[in-house]
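Shown next, in structure tokens, is the structure this report addresses.
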Amino acid sequence: MSIFSLSFDDCCPHPKCTPFPDVIHLCNKLIKRWPDLKIDFFTSAAYARLNEDPYFLTQYPDWVKQMNDLPSKNFRVNCHSYYHRRLSAKHGNSNNNEMEKTSEKESRMLIEHMIGEFKTSGLKFERVFRPPGWHVGISAAKVLTEMGFVIAGNRKYFDLLKDKVPEMRYLITNWELREECILNGDVFAAGHTSNWCDNYFDKKTYDRVVKLLESRQFEFKFLSEL
Ligand SMILES: [Zn+2]
């Protein structure tokens, strides 16, 4: 049977990103129809867009408790880097791609800070990492691999990295909820909890997921189980 995995990026206490209550409501509607469904959230430890103060997980204990209280049968939290934005001007213009141009030293620092913030906040998490903006450089991929992370990203970066980081474990997403899915076999679907993204989990993207799940039988898996 084909696997179906559903994940959402940018899950954090930022008011435009938090899954509560809208995204959780839609997740629970899916779970009511498919009780074994597994949903992975990707959380940044100190989410910040450019020129914003970071949303440190440790400063939002009520939000962390809400996440930890979600049923573990259906929900898990994974890692989406530290700030989610470039470190400085030398790392390019992107507001997102924190792990693309970092050196090994910078990558290690960011990942260690991320783990520290997760642990101090008490938020339970798995060692699955989605790079912010889905861009990940060789240095960051090497450090993530050394530190025991599975990278969950797109085929483009897998193809760029696979020969350069030979021990890398990498899960390839093949549907971003942007149109109705016509894939055969396993489906690794990903959207956003942040409502500034066009694949935000709302009624429209929810309906696309329902249509796919109604079309054939799937086995549901968390990314950390693969
Ligand atoms: Zn993101």
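In the structure tokens, each chain is lettered A, B, ... as it comes, each chain's residues begin at 1, and ligands are numbered from 1 in order of appearance.
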
Chain A residues near ligand 1 within 10 Å, closest pair each, using only C-alpha atoms and all ligand atoms, as CSV:
residue,atom,partner,partner_atom_place_in_ligand_line,distance
A:Phe8,CA,ligand 1,1 (Zn),8.8
A:Asp9,CA,ligand 1,1 (Zn),5.1
A:Asp10,CA,ligand 1,1 (Zn),4.5
A:Cys11,CA,ligand 1,1 (Zn),8.2
A:Cys12,CA,ligand 1,1 (Zn),10.0
A:Cys17,CA,ligand 1,1 (Zn),9.6
A:Phe42,CA,ligand 1,1 (Zn),7.7
A:Thr43,CA,ligand 1,1 (Zn),8.2
A:Ser44,CA,ligand 1,1 (Zn),7.9
A:Tyr47,CA,ligand 1,1 (Zn),9.1
A:His80,CA,ligand 1,1 (Zn),6.7
A:Ser81,CA,ligand 1,1 (Zn),8.8
A:Tyr83,CA,ligand 1,1 (Zn),9.8
A:His84,CA,ligand 1,1 (Zn),6.6
A:Arg85,CA,ligand 1,1 (Zn),9.2
A:Asn96,CA,ligand 1,1 (Zn),7.1
A:Asn97,CA,ligand 1,1 (Zn),8.7
A:Glu98,CA,ligand 1,1 (Zn),9.8
A:Arg130,CA,ligand 1,1 (Zn),7.9
A:Pro131,CA,ligand 1,1 (Zn),7.4
A:Pro132,CA,ligand 1,1 (Zn),4.6
A:Gly133,CA,ligand 1,1 (Zn),5.4
A:Trp134,CA,ligand 1,1 (Zn),7.4
A:Gly191,CA,ligand 1,1 (Zn),9.5
A:His192,CA,ligand 1,1 (Zn),7.5
A:Thr193,CA,ligand 1,1 (Zn),9.2
A:Ser194,CA,ligand 1,1 (Zn),8.4
A:Cys197,CA,ligand 1,1 (Zn),9.4

Exercise for the section: List every residue of segment 32-178 of chain A that DSSP, applied to the backbone of this structure, assigns to strand (DSSP E or B), and report them as number ranges by chain. Expected result: A: 39-43, 46-47, 55-56, 75-79, 128-129, 150-153, 170-172, 175

Hey, can you spit out that residue selection with N, CA and C atoms as a PDB file, in the first residue's frame?
ATOM      1  N   ILE A  39       0.302  13.621  11.126  1.00  0.00           N
ATOM      2  CA  ILE A  39       0.581  14.988  10.679  1.00  0.00           C
ATOM      3  C   ILE A  39       1.860  15.482  11.356  1.00  0.00           C
ATOM      4  N   ASP A  40       2.805  15.900  10.526  1.00  0.00           N
ATOM      5  CA  ASP A  40       4.077  16.438  11.028  1.00  0.00           C
ATOM      6  C   ASP A  40       4.077  17.950  10.909  1.00  0.00           C
ATOM      7  N   PHE A  41       4.430  18.614  12.002  1.00  0.00           N
ATOM      8  CA  PHE A  41       4.638  20.062  11.954  1.00  0.00           C
ATOM      9  C   PHE A  41       6.137  20.352  11.957  1.00  0.00           C
ATOM     10  N   PHE A  42       6.520  21.402  11.244  1.00  0.00           N
ATOM     11  CA  PHE A  42       7.914  21.857  11.265  1.00  0.00           C
ATOM     12  C   PHE A  42       7.978  23.213  11.955  1.00  0.00           C
ATOM     13  N   THR A  43       8.744  23.260  13.034  1.00  0.00           N
ATOM     14  CA  THR A  43       8.767  24.420  13.925  1.00  0.00           C
ATOM     15  C   THR A  43      10.165  25.033  13.983  1.00  0.00           C
ATOM     16  N   ALA A  46      13.111  29.940  16.991  1.00  0.00           N
ATOM     17  CA  ALA A  46      13.048  31.379  17.310  1.00  0.00           C
ATOM     18  C   ALA A  46      12.611  32.128  16.051  1.00  0.00           C
ATOM     19  N   TYR A  47      11.460  31.745  15.545  1.00  0.00           N
ATOM     20  CA  TYR A  47      10.994  32.231  14.238  1.00  0.00           C
ATOM     21  C   TYR A  47      11.002  33.750  14.172  1.00  0.00           C
ATOM     22  N   TYR A  55      10.473  34.983  17.781  1.00  0.00           N
ATOM     23  CA  TYR A  55       9.471  34.333  18.635  1.00  0.00           C
ATOM     24  C   TYR A  55      10.130  33.100  19.268  1.00  0.00           C
ATOM     25  N   PHE A  56      10.884  33.328  20.348  1.00  0.00           N
ATOM     26  CA  PHE A  56      11.559  32.219  21.032  1.00  0.00           C
ATOM     27  C   PHE A  56      10.526  31.298  21.664  1.00  0.00           C
ATOM     28  N   PHE A  75      -0.046  13.512  15.806  1.00  0.00           N
ATOM     29  CA  PHE A  75       0.748  14.732  15.590  1.00  0.00           C
ATOM     30  C   PHE A  75       2.178  14.572  16.123  1.00  0.00           C
ATOM     31  N   ARG A  76       3.145  15.055  15.344  1.00  0.00           N
ATOM     32  CA  ARG A  76       4.518  15.159  15.832  1.00  0.00           C
ATOM     33  C   ARG A  76       5.110  16.488  15.371  1.00  0.00           C
ATOM     34  N   VAL A  77       6.101  16.952  16.128  1.00  0.00           N
ATOM     35  CA  VAL A  77       6.804  18.196  15.802  1.00  0.00           C
ATOM     36  C   VAL A  77       8.219  17.861  15.355  1.00  0.00           C
ATOM     37  N   ASN A  78       8.651  18.504  14.288  1.00  0.00           N
ATOM     38  CA  ASN A  78      10.002  18.348  13.754  1.00  0.00           C
ATOM     39  C   ASN A  78      10.673  19.724  13.679  1.00  0.00           C
ATOM     40  N   CYS A  79      11.870  19.751  13.149  1.00  0.00           N
ATOM     41  CA  CYS A  79      12.698  20.961  13.239  1.00  0.00           C
ATOM     42  C   CYS A  79      12.721  21.752  11.933  1.00  0.00           C
ATOM     43  N   VAL A 128      13.924  15.281  12.486  1.00  0.00           N
ATOM     44  CA  VAL A 128      13.654  15.465  11.052  1.00  0.00           C
ATOM     45  C   VAL A 128      13.728  16.961  10.808  1.00  0.00           C
ATOM     46  N   PHE A 129      14.439  17.374   9.761  1.00  0.00           N
ATOM     47  CA  PHE A 129      14.727  18.794   9.541  1.00  0.00           C
ATOM     48  C   PHE A 129      14.255  19.224   8.158  1.00  0.00           C
ATOM     49  N   VAL A 150      17.407  13.573   9.718  1.00  0.00           N
ATOM     50  CA  VAL A 150      16.921  13.273   8.375  1.00  0.00           C
ATOM     51  C   VAL A 150      16.486  14.604   7.785  1.00  0.00           C
ATOM     52  N   ILE A 151      16.870  14.886   6.545  1.00  0.00           N
ATOM     53  CA  ILE A 151      16.427  16.118   5.888  1.00  0.00           C
ATOM     54  C   ILE A 151      15.181  15.796   5.069  1.00  0.00           C
ATOM     55  N   ALA A 152      14.137  16.610   5.244  1.00  0.00           N
ATOM     56  CA  ALA A 152      12.902  16.434   4.472  1.00  0.00           C
ATOM     57  C   ALA A 152      12.755  17.645   3.559  1.00  0.00           C
ATOM     58  N   GLY A 153      12.998  17.449   2.265  1.00  0.00           N
ATOM     59  CA  GLY A 153      12.983  18.589   1.352  1.00  0.00           C
ATOM     60  C   GLY A 153      12.519  18.204  -0.039  1.00  0.00           C
ATOM     61  N   TYR A 170      17.564  11.535   3.380  1.00  0.00           N
ATOM     62  CA  TYR A 170      16.796  12.639   2.782  1.00  0.00           C
ATOM     63  C   TYR A 170      15.455  12.104   2.307  1.00  0.00           C
ATOM     64  N   LEU A 171      14.360  12.724   2.736  1.00  0.00           N
ATOM     65  CA  LEU A 171      13.007  12.352   2.303  1.00  0.00           C
ATOM     66  C   LEU A 171      12.507  13.402   1.313  1.00  0.00           C
ATOM     67  N   ILE A 172      12.049  12.954   0.158  1.00  0.00           N
ATOM     68  CA  ILE A 172      11.676  13.879  -0.917  1.00  0.00           C
ATOM     69  C   ILE A 172      10.160  14.112  -0.939  1.00  0.00           C
ATOM     70  N   TRP A 175       4.488  16.616  -3.298  1.00  0.00           N
ATOM     71  CA  TRP A 175       3.248  17.386  -3.529  1.00  0.00           C
ATOM     72  C   TRP A 175       3.175  18.519  -2.523  1.00  0.00           C
TER      73      TRP A 175
END

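Proximity ranking of A:Thr173, A:Asn184, A:Thr58, A:Asn68 relative to Ser7 of chain A places A:Thr173 first, based on only C-alpha atoms.
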
Problem - Selected residue of minimal separation from Lys124 of chain A among A:Leu110, A:Leu70, A:Leu183, A:Leu177, counting only C-alpha atoms - result: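 For Lys124 of chain A, the nearest of the given residues is A:Leu70.
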
Exercise for the section: Any chance you could list, as a PyMOL selection string, the residues in chain A that come up alpha helix (DSSP H) when DSSP is run on the backbone? Expected result: chain A and resi 22-33+61-69+104-121+138-146+155-161+203-215

Exercise for the section: May I ask which of the residues A:Leu50, A:Leu123, A:Met114, A:Val165 is the closest one to Lys65 of chain A, counting only C-alpha atoms? Expected result: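 Looking at the shortest contact to Lys65 of chain A, the residue is A:Leu123.
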
Practice task
Show which residues sit within 8 Å of segment 20-31 of chain A, as a PyMOL selection string. Count only C-alpha atoms, and ignore same-chain residues fewer than 5 positions away.
Solution key: chain A and resi 36-37+39+74+193+201-203+206+210

Practice task
Return the single residue from A:Ala189, A:Ile111, A:Pro35, A:Glu179 that is closest to Pro71 of chain A, with distances computed using only C-alpha atoms.
Solution key: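 Of all the options, A:Pro35 lies closest to Pro71 of chain A.
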
Practice task
Can you work out which one of A:Asp62, A:Glu225, A:Asp186, A:Asp163 has the shortest atom-to-atom distance to Leu212 of chain A, counting only C-alpha atoms?
Solution key: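 Residue with the minimum atom-to-atom distance to Leu212 of chain A: A:Asp186.
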
Handout entry: Which residue of A:Leu213, A:Tyr82, A:Asn51, A:Glu100 approaches Val187 of chain A most closely, using only C-alpha atoms
Key =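 Residue with the minimum atom-to-atom distance to Val187 of chain A: A:Leu213.
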